[in-house]
file coords-v5.txt (compact mmCIF, C-alpha atoms and all ligand atoms)
# COMPACT_ATOMS: atom_id res chain seq x y z
CA MET L 1 0.00 0.00 0.00
CA SER L 2 1.45 3.41 -0.91
CA ALA L 3 1.75 5.84 2.01
CA ALA L 4 -0.80 8.18 0.43
CA ALA L 5 -3.42 5.41 0.56
CA ILE L 6 -2.99 4.93 4.32
CA PRO L 7 -5.58 7.02 6.20
CA VAL L 8 -4.43 9.58 8.76
CA ILE L 9 -6.50 11.24 11.46
CA ALA L 10 -4.84 14.52 12.47
CA VAL L 11 -5.55 15.85 15.96
CA ASP L 12 -4.06 19.26 16.71
CA GLY L 13 -4.46 21.69 19.57
CA PRO L 14 -2.68 23.55 22.37
CA SER L 15 -0.99 22.12 25.47
CA GLY L 16 -3.10 20.32 28.03
CA VAL L 17 -6.20 20.12 25.87
CA GLY L 18 -6.52 16.32 26.14
CA LYS L 19 -5.21 15.23 22.73
CA GLY L 20 -3.35 12.35 24.38
CA LEU L 21 -6.55 10.76 25.65
CA VAL L 22 -8.43 11.30 22.39
CA THR L 23 -5.64 10.04 20.12
CA ARG L 24 -5.03 6.96 22.25
CA TRP L 25 -8.74 6.21 22.23
CA LEU L 26 -9.03 6.71 18.46
CA ALA L 27 -5.98 4.54 17.77
CA GLU L 28 -7.39 1.75 19.91
CA ARG L 29 -10.90 2.07 18.49
CA LEU L 30 -9.60 1.84 14.89
CA GLY L 31 -6.59 -0.44 15.45
CA TYR L 32 -4.36 2.34 14.04
CA HIS L 33 -0.82 3.38 14.92
CA ARG L 34 -0.32 6.56 16.91
CA LEU L 35 2.21 9.37 16.52
CA ASP L 36 2.93 11.57 19.54
CA SER L 37 4.79 14.28 17.64
CA GLY L 38 5.21 16.44 20.74
CA ALA L 39 7.25 13.64 22.31
CA LEU L 40 9.71 13.80 19.39
CA TYR L 41 10.27 17.54 20.01
CA ARG L 42 10.57 16.87 23.75
CA ILE L 43 13.12 14.08 23.24
CA LEU L 44 15.24 16.13 20.86
CA ALA L 45 15.20 19.10 23.25
CA LEU L 46 16.20 16.92 26.18
CA ALA L 47 18.89 15.11 24.19
CA GLY L 48 20.34 18.45 23.06
CA HIS L 49 20.24 19.83 26.58
CA ARG L 50 22.00 16.76 27.99
CA ARG L 51 24.74 16.99 25.38
CA GLY L 52 25.30 20.67 26.15
CA ILE L 53 24.08 21.83 22.73
CA ASP L 54 22.88 25.43 22.56
CA LEU L 55 19.11 24.99 22.12
CA HIS L 56 19.03 28.02 19.83
CA ASP L 57 21.39 26.24 17.43
CA GLY L 58 18.83 24.63 15.11
CA ASP L 59 21.47 23.17 12.79
CA ALA L 60 23.24 21.32 15.63
CA LEU L 61 19.90 19.93 16.85
CA ALA L 62 18.98 18.93 13.32
CA ARG L 63 22.25 16.96 13.06
CA LEU L 64 21.48 15.20 16.33
CA ALA L 65 17.89 14.24 15.42
CA PRO L 66 18.57 11.30 13.05
CA ALA L 67 21.04 9.71 15.49
CA LEU L 68 18.49 9.21 18.27
CA LYS L 69 16.99 5.74 18.54
CA ILE L 70 13.48 6.26 19.88
CA ARG L 71 10.96 3.61 20.91
CA PHE L 72 7.45 4.14 22.26
CA VAL L 73 6.13 1.28 24.36
CA GLY L 74 2.66 0.78 25.88
CA ALA L 75 -0.75 1.90 24.68
CA THR L 76 -2.06 3.89 27.68
CA GLU L 77 -0.80 6.87 29.60
CA ASP L 78 -0.24 4.63 32.62
CA ASP L 79 1.89 2.02 30.94
CA GLU L 80 3.71 4.24 28.44
CA ALA L 81 7.49 4.06 28.27
CA ILE L 82 9.70 6.22 26.10
CA LEU L 83 13.06 4.64 25.38
CA VAL L 84 15.88 6.70 23.92
CA ASP L 85 19.03 4.84 22.91
CA GLY L 86 17.80 2.03 25.16
CA GLU L 87 17.33 4.22 28.27
CA ASP L 88 13.98 4.95 29.89
CA TRP L 89 13.36 8.70 29.53
CA THR L 90 9.60 8.64 30.23
CA HIS L 91 9.60 10.68 33.42
CA ASP L 92 11.88 13.46 32.16
CA VAL L 93 10.18 13.67 28.77
CA ARG L 94 6.82 14.32 30.43
CA LYS L 95 8.00 17.14 32.70
CA GLU L 96 6.53 20.58 32.01
CA SER L 97 10.06 22.04 31.87
CA THR L 98 10.81 19.67 28.98
CA GLY L 99 7.63 20.88 27.23
CA ALA L 100 8.98 24.44 27.45
CA LEU L 101 12.35 23.38 25.93
CA ALA L 102 10.47 21.52 23.20
CA SER L 103 8.47 24.62 22.36
CA LEU L 104 11.70 26.62 22.16
CA ILE L 105 13.42 24.30 19.69
CA ALA L 106 10.17 23.75 17.75
CA ALA L 107 10.21 27.37 16.55
CA GLN L 108 13.40 26.68 14.55
CA PRO L 109 12.99 25.75 10.88
CA ALA L 110 16.01 23.38 10.84
CA VAL L 111 14.53 21.38 13.72
CA ARG L 112 11.11 21.11 12.08
CA ALA L 113 12.70 20.04 8.79
CA ALA L 114 14.81 17.40 10.58
CA LEU L 115 11.74 15.84 12.22
CA LEU L 116 9.38 16.01 9.24
CA GLN L 117 10.19 12.70 7.55
CA ARG L 118 10.56 10.96 10.89
CA GLN L 119 6.94 11.88 11.64
CA ARG L 120 5.73 10.83 8.20
CA ASP L 121 7.42 7.44 8.66
CA PHE L 122 4.81 6.63 11.33
CA ARG L 123 2.22 6.41 8.54
CA GLU L 124 1.85 2.66 8.31
CA ALA L 125 -1.07 0.38 7.46
CA PRO L 126 -3.83 0.15 8.48
CA GLY L 127 -3.77 3.85 9.51
CA LEU L 128 -2.38 6.52 11.77
CA VAL L 129 -3.72 8.84 14.44
CA ALA L 130 -1.35 11.82 14.71
CA ASP L 131 -1.21 14.13 17.75
CA GLY L 132 0.45 17.55 17.54
CA ARG L 133 0.30 21.17 16.47
CA ASP L 134 0.77 20.98 12.70
CA MET L 135 -0.46 17.48 11.84
CA GLY L 136 -3.31 18.75 9.65
CA THR L 137 -1.53 21.80 8.26
CA ILE L 138 2.00 20.60 7.42
CA VAL L 139 2.86 17.00 8.24
CA PHE L 140 -0.26 15.26 6.89
CA PRO L 141 -2.15 17.86 4.82
CA ASP L 142 -4.00 14.99 3.10
CA ALA L 143 -5.37 13.59 6.40
CA ALA L 144 -8.78 11.93 6.04
CA LEU L 145 -10.09 13.65 9.17
CA LYS L 146 -8.70 16.77 10.84
CA ILE L 147 -9.69 17.70 14.36
CA PHE L 148 -8.62 20.82 16.24
CA MET L 149 -9.23 20.57 19.98
CA ASP L 150 -9.39 23.64 22.18
CA ALA L 151 -10.24 24.57 25.79
CA SER L 152 -9.79 27.64 27.96
CA PRO L 153 -6.25 28.20 29.31
CA ASP L 154 -7.46 27.79 32.90
CA GLU L 155 -9.06 24.47 32.22
CA ARG L 156 -6.01 23.22 30.36
CA ALA L 157 -3.77 24.17 33.28
CA GLN L 158 -6.08 22.25 35.65
CA ARG L 159 -6.09 19.18 33.40
CA ARG L 160 -2.31 19.26 33.01
CA LEU L 161 -1.89 19.55 36.79
CA LYS L 162 -3.99 16.43 37.35
CA GLN L 163 -2.13 14.57 34.64
CA LEU L 164 1.34 15.46 35.98
CA ARG L 165 0.40 14.58 39.55
CA ALA L 166 -1.02 11.26 38.45
CA LYS L 167 2.43 10.53 36.99
CA GLY L 168 4.14 11.47 40.24
CA ILE L 169 5.55 14.68 38.75
CA GLU L 170 5.51 17.63 41.19
CA ALA L 171 3.57 20.66 39.96
CA THR L 172 1.52 23.61 41.24
CA LEU L 173 -1.21 25.47 39.43
CA ALA L 174 0.02 29.09 39.20
CA PRO L 175 3.43 28.43 37.56
CA LEU L 176 1.87 25.75 35.38
CA ARG L 177 -0.74 28.19 34.13
CA GLU L 178 2.00 30.67 33.29
CA GLU L 179 4.10 28.02 31.53
CA ILE L 180 1.12 26.93 29.45
CA ARG L 181 0.33 30.54 28.55
CA ALA L 182 3.90 31.23 27.45
CA ARG L 183 4.10 27.98 25.49
CA ASP L 184 0.78 28.67 23.73
CA GLU L 185 1.86 32.12 22.78
CA ARG L 186 5.10 30.86 21.27
CA ASP L 187 3.42 27.91 19.48
CA ARG L 188 0.68 30.15 18.01
CA ASN L 189 2.87 33.06 16.97
CA ARG L 190 5.97 31.41 15.52
CA PRO L 191 6.48 32.15 11.82
CA ILE L 192 6.90 28.48 10.89
CA ALA L 193 4.07 25.94 11.29
CA PRO L 194 2.15 27.97 13.89
CA LEU L 195 -0.57 26.27 15.88
CA ARG L 196 -3.86 26.90 14.07
CA PRO L 197 -6.77 24.82 12.78
CA ALA L 198 -6.09 23.34 9.33
CA ASP L 199 -8.45 24.21 6.50
CA GLY L 200 -11.40 21.88 6.83
CA ALA L 201 -10.60 20.94 10.45
CA GLN L 202 -13.46 20.21 12.82
CA VAL L 203 -12.94 22.49 15.80
CA VAL L 204 -13.96 20.93 19.11
CA ASP L 205 -14.15 23.21 22.15
CA THR L 206 -13.86 20.90 25.15
CA THR L 207 -14.10 23.59 27.85
CA GLY L 208 -16.32 22.31 30.65
CA LEU L 209 -16.70 18.86 29.11
CA PRO L 210 -15.76 15.67 30.96
CA PRO L 211 -13.65 13.17 28.96
CA VAL L 212 -16.63 10.88 28.16
CA GLU L 213 -18.44 13.75 26.48
CA VAL L 214 -15.36 14.70 24.50
CA LEU L 215 -15.03 11.11 23.30
CA ALA L 216 -18.73 11.08 22.32
CA ILE L 217 -18.16 14.16 20.13
CA ILE L 218 -15.08 12.57 18.56
CA GLU L 219 -17.06 9.38 17.95
CA SER L 220 -19.75 11.35 16.12
CA LEU L 221 -17.10 13.05 13.95
CA LEU L 222 -15.67 9.65 13.16
CA GLN L 223 -19.09 8.29 12.19
CA ARG L 224 -19.61 11.21 9.85
CA SER L 225 -16.19 10.78 8.23
CA ALA L 226 -15.51 8.31 5.47
CA ILE L 227 -13.21 6.33 7.80
CA VAL L 228 -15.67 4.04 9.64
O1 LIG L 301 2.24 18.25 22.74
P1 LIG L 301 3.44 18.49 23.62
O2 LIG L 301 3.12 19.30 24.85
O3 LIG L 301 4.15 17.23 23.97
O4 LIG L 301 4.45 19.37 22.72
C1 LIG L 301 5.61 19.96 23.25
C2 LIG L 301 6.03 21.15 22.38
O5 LIG L 301 6.50 20.67 21.13
C3 LIG L 301 4.93 22.14 22.03
O6 LIG L 301 4.82 23.18 22.98
C4 LIG L 301 5.32 22.66 20.68
C5 LIG L 301 6.12 21.55 20.09
N1 LIG L 301 5.37 20.80 19.06
C6 LIG L 301 5.33 21.33 17.79
O7 LIG L 301 5.85 22.43 17.57
N2 LIG L 301 4.73 20.64 16.79
C7 LIG L 301 4.14 19.46 17.03
N3 LIG L 301 3.57 18.81 16.02
C8 LIG L 301 4.13 18.92 18.33
C9 LIG L 301 4.76 19.62 19.34

call {"tool": "encode", "arguments": {"input": "coords-v5.txt", "output": "structure tokens"}}
result
Amino acid sequence: MSAAAIPVIAVDGPSGVGKGLVTRWLAERLGYHRLDSGALYRILALAGHRRGIDLHDGDALARLAPALKIRFVGATEDDEAILVDGEDWTHDVRKESTGALASLIAAQPAVRAALLQRQRDFREAPGLVADGRDMGTIVFPDAALKIFMDASPDERAQRRLKQLRAKGIEATLAPLREEIRARDERDRNRPIAPLRPADGAQVVDTTGLPPVEVLAIIESLLQRSAIV
């Protein structure tokens, strides 16, 4: 099967909006692969930081990107493991401080170019659910279904707090809210691949909705698409 014939569901949106839950659910429901593109930016940022690379040096980061051996293990948030060059990086990858470093390097064209094909390589039969910021606009513009999830900044900070604490990662609301605000601003206003709904994306505002209701909306979008 040529890559173009393999269906992609693109799910984009800002930090803490709940894309992880939705994309895991969709992948399981359809038996598709899943791409967590944010994790790739997080891993590259962390790898660069650990090697003492200047995180503003996009070319140096771009040279590092292909050398990293990355494996995602586990299908749920609870049993996920992220292995980099055989080491378990899960805990550090998920820290909010790593998200901020990822957002910093993600604004650099050389970094985005270096990760583009790596993301497209996740497109394997029978299909792919892709989670990120530019899945529907840049990485998979031919996606069969494009969803853009949103929620108020306050609610996203609350959700992220719960999520981090559940993973045993220390966090408090006020700094988290500020980190999310700063990250959003950078992700939305960067000149390259800014966070925005793709043309034709279904925008889902999840503010005030419990996860089961969000999944019910996603299910109805799926039913209306040509995918199921
Ligand atoms: O989804 P996340 O929080 O793991 O993403 C971390 C950062 O990576 C995010 O703030 C911006 C960047 N990112 C991106 O620029 N493009 C993507 N497709 C995914 C993430």

call {"tool": "closest_residue", "arguments": {"input": "coords-v5.txt", "among": "L:Asp142, L:Asp121, L:Glu28, L:Asp134", "to": "ligand LIG 301 (chain L)", "atoms": "only C-alpha atoms and all ligand atoms"}}
result
L:Asp134

call {"tool": "residues_near_ligand", "arguments": {"input": "coords-v5.txt", "ligand": "ligand LIG 301 (chain L)", "cutoff": "6 Å", "atoms": "all atoms listed in the file", "output": "PyMOL selection string"}}
result
chain L and resi 15+37-39+41-42+99+102-103+106+132-135+183+187

call {"tool": "closest_residue", "arguments": {"input": "coords-v5.txt", "among": "L:Ala3, L:Ala65, L:Ala60, L:Ala45", "to": "L:Leu115", "atoms": "only C-alpha atoms"}}
result
L:Ala65

call {"tool": "closest_residue", "arguments": {"input": "coords-v5.txt", "among": "L:Glu80, L:Asp150, L:Asp59, L:Glu87", "to": "L:Pro197", "atoms": "only C-alpha atoms"}}
result
L:Asp150

call {"tool": "closest_residue", "arguments": {"input": "coords-v5.txt", "among": "L:Pro191, L:Gly52, L:Gly136, L:Gly16", "to": "L:Glu179", "atoms": "only C-alpha atoms"}}
result
L:Gly16

call {"tool": "atom_distance", "arguments": {"input": "coords-v5.txt", "atom1": "atom CA of L:Ser152", "atom2": "atom CA of L:Phe140"}}
result
26.2 Å

call {"tool": "residues_near_point", "arguments": {"input": "coords-v5.txt", "point": "(-4.0, 4.6, 27.8)", "cutoff": "12 Å", "atoms": "only C-alpha atoms", "output": "PyMOL selection string"}}
result
chain L and resi 19-29+34+73-81

call {"tool": "write_last_selection", "arguments": {"input": "coords-v5.txt", "atoms": "C-alpha atoms", "output": "short mmCIF file (atom, residue, chain, number, x, y, z; two decimals), keeping the file's coordinate frame"}}
result
data_model
loop_
_atom_site.label_atom_id
_atom_site.label_comp_id
_atom_site.auth_asym_id
_atom_site.auth_seq_id
_atom_site.Cartn_x
_atom_site.Cartn_y
_atom_site.Cartn_z
CA LYS L 19 -5.21 15.23 22.73
CA GLY L 20 -3.35 12.35 24.38
CA LEU L 21 -6.55 10.76 25.65
CA VAL L 22 -8.43 11.30 22.39
CA THR L 23 -5.64 10.04 20.12
CA ARG L 24 -5.03 6.96 22.25
CA TRP L 25 -8.74 6.21 22.23
CA LEU L 26 -9.03 6.71 18.46
CA ALA L 27 -5.98 4.54 17.77
CA GLU L 28 -7.39 1.75 19.91
CA ARG L 29 -10.90 2.07 18.49
CA ARG L 34 -0.32 6.56 16.91
CA VAL L 73 6.13 1.28 24.36
CA GLY L 74 2.66 0.78 25.88
CA ALA L 75 -0.75 1.90 24.68
CA THR L 76 -2.06 3.89 27.68
CA GLU L 77 -0.80 6.87 29.60
CA ASP L 78 -0.24 4.63 32.62
CA ASP L 79 1.89 2.02 30.94
CA GLU L 80 3.71 4.24 28.44
CA ALA L 81 7.49 4.06 28.27
#

call {"tool": "atom_distance", "arguments": {"input": "coords-v5.txt", "atom1": "atom CA of L:Leu40", "atom2": "atom CA of L:Gly13"}}
result
16.2 Å

call {"tool": "atom_distance", "arguments": {"input": "coords-v5.txt", "atom1": "atom CA of L:Asp36", "atom2": "atom CA of L:Glu155"}}
result
21.7 Å

call {"tool": "residues_near_point", "arguments": {"input": "coords-v5.txt", "point": "(-7.5, 24.6, 28.8)", "cutoff": "10 Å", "atoms": "only C-alpha atoms", "output": "number ranges by chain"}}
result
L: 14-18, 149-160, 177, 180-181, 205-208

call {"tool": "residues_around", "arguments": {"input": "coords-v5.txt", "residues": "L:Arg186", "least_positions_apart": "2", "cutoff": "8 Å", "atoms": "all atoms listed in the file", "output": "CSV table (one decimal) with C-alpha atoms, in the frame of the given file"}}
result
chain,number,residue,atom,x,y,z
L,103,SER,CA,8.5,24.6,22.4
L,104,LEU,CA,11.7,26.6,22.2
L,107,ALA,CA,10.2,27.4,16.6
L,182,ALA,CA,3.9,31.2,27.4
L,183,ARG,CA,4.1,28.0,25.5
L,184,ASP,CA,0.8,28.7,23.7
L,188,ARG,CA,0.7,30.2,18.0
L,189,ASN,CA,2.9,33.1,17.0
L,190,ARG,CA,6.0,31.4,15.5

call {"tool": "closest_residue", "arguments": {"input": "coords-v5.txt", "among": "L:Val203, L:Ala171, L:Val228, L:Ala193", "to": "L:Pro7", "atoms": "only C-alpha atoms"}}
result
L:Val228

call {"tool": "closest_residue", "arguments": {"input": "coords-v5.txt", "among": "L:Val212, L:Leu176, L:Ile43, L:Leu222", "to": "L:Asp92", "atoms": "all atoms listed in the file"}}
result
L:Ile43

call {"tool": "build_atoms", "arguments": {"input": "coords-v5.txt", "residues": "stretch 191-219 of chain L", "atoms": "N, CA and C atoms", "output": "compact mmCIF listing (two decimals), in the coordinates of the input"}}
result
# COMPACT_ATOMS: atom_id res chain seq x y z
N PRO L 191 6.71 31.98 13.26
CA PRO L 191 6.48 32.15 11.82
C PRO L 191 6.33 30.83 11.08
N ILE L 192 6.95 29.76 11.61
CA ILE L 192 6.90 28.48 10.89
C ILE L 192 5.93 27.51 11.58
N ALA L 193 5.03 26.92 10.80
CA ALA L 193 4.07 25.94 11.29
C ALA L 193 3.38 26.36 12.60
N PRO L 194 2.81 27.55 12.64
CA PRO L 194 2.15 27.97 13.89
C PRO L 194 0.93 27.10 14.19
N LEU L 195 0.61 27.03 15.47
CA LEU L 195 -0.57 26.27 15.88
C LEU L 195 -1.81 27.01 15.38
N ARG L 196 -2.57 26.35 14.53
CA ARG L 196 -3.86 26.90 14.07
C ARG L 196 -4.66 25.76 13.44
N PRO L 197 -5.99 25.90 13.41
CA PRO L 197 -6.77 24.82 12.78
C PRO L 197 -6.45 24.74 11.29
N ALA L 198 -6.31 23.53 10.78
CA ALA L 198 -6.09 23.34 9.33
C ALA L 198 -7.38 23.69 8.60
N ASP L 199 -7.24 24.01 7.31
CA ASP L 199 -8.45 24.21 6.50
C ASP L 199 -9.27 22.92 6.57
N GLY L 200 -10.53 23.05 6.80
CA GLY L 200 -11.40 21.88 6.83
C GLY L 200 -11.39 21.13 8.16
N ALA L 201 -10.64 21.65 9.14
CA ALA L 201 -10.60 20.94 10.45
C ALA L 201 -11.93 21.14 11.20
N GLN L 202 -12.30 20.11 11.94
CA GLN L 202 -13.46 20.21 12.82
C GLN L 202 -12.95 20.74 14.15
N VAL L 203 -13.42 21.90 14.55
CA VAL L 203 -12.94 22.49 15.80
C VAL L 203 -13.85 22.02 16.95
N VAL L 204 -13.20 21.45 17.98
CA VAL L 204 -13.96 20.93 19.11
C VAL L 204 -13.54 21.69 20.37
N ASP L 205 -14.45 22.50 20.90
CA ASP L 205 -14.15 23.21 22.15
C ASP L 205 -14.56 22.31 23.32
N THR L 206 -13.59 21.88 24.08
CA THR L 206 -13.86 20.90 25.15
C THR L 206 -13.99 21.56 26.52
N THR L 207 -14.01 22.90 26.55
CA THR L 207 -14.10 23.59 27.85
C THR L 207 -15.36 23.13 28.59
N GLY L 208 -15.18 22.71 29.83
CA GLY L 208 -16.32 22.31 30.65
C GLY L 208 -16.83 20.91 30.38
N LEU L 209 -16.20 20.20 29.44
CA LEU L 209 -16.70 18.86 29.11
C LEU L 209 -15.87 17.77 29.79
N PRO L 210 -16.52 16.80 30.43
CA PRO L 210 -15.76 15.67 30.96
C PRO L 210 -15.27 14.78 29.81
N PRO L 211 -14.22 13.99 30.05
CA PRO L 211 -13.65 13.17 28.96
C PRO L 211 -14.68 12.33 28.21
N VAL L 212 -15.68 11.74 28.90
CA VAL L 212 -16.63 10.88 28.16
C VAL L 212 -17.40 11.68 27.12
N GLU L 213 -17.70 12.94 27.46
CA GLU L 213 -18.44 13.75 26.48
C GLU L 213 -17.55 14.14 25.30
N VAL L 214 -16.29 14.39 25.59
CA VAL L 214 -15.36 14.70 24.50
C VAL L 214 -15.28 13.49 23.56
N LEU L 215 -15.15 12.31 24.14
CA LEU L 215 -15.03 11.11 23.30
C LEU L 215 -16.31 10.89 22.49
N ALA L 216 -17.47 11.24 23.07
CA ALA L 216 -18.73 11.08 22.32
C ALA L 216 -18.74 12.02 21.11
N ILE L 217 -18.21 13.22 21.27
CA ILE L 217 -18.16 14.16 20.13
C ILE L 217 -17.21 13.62 19.05
N ILE L 218 -16.07 13.11 19.51
CA ILE L 218 -15.08 12.57 18.56
C ILE L 218 -15.69 11.37 17.82
N GLU L 219 -16.41 10.55 18.57
CA GLU L 219 -17.06 9.38 17.95
C GLU L 219 -18.04 9.84 16.85
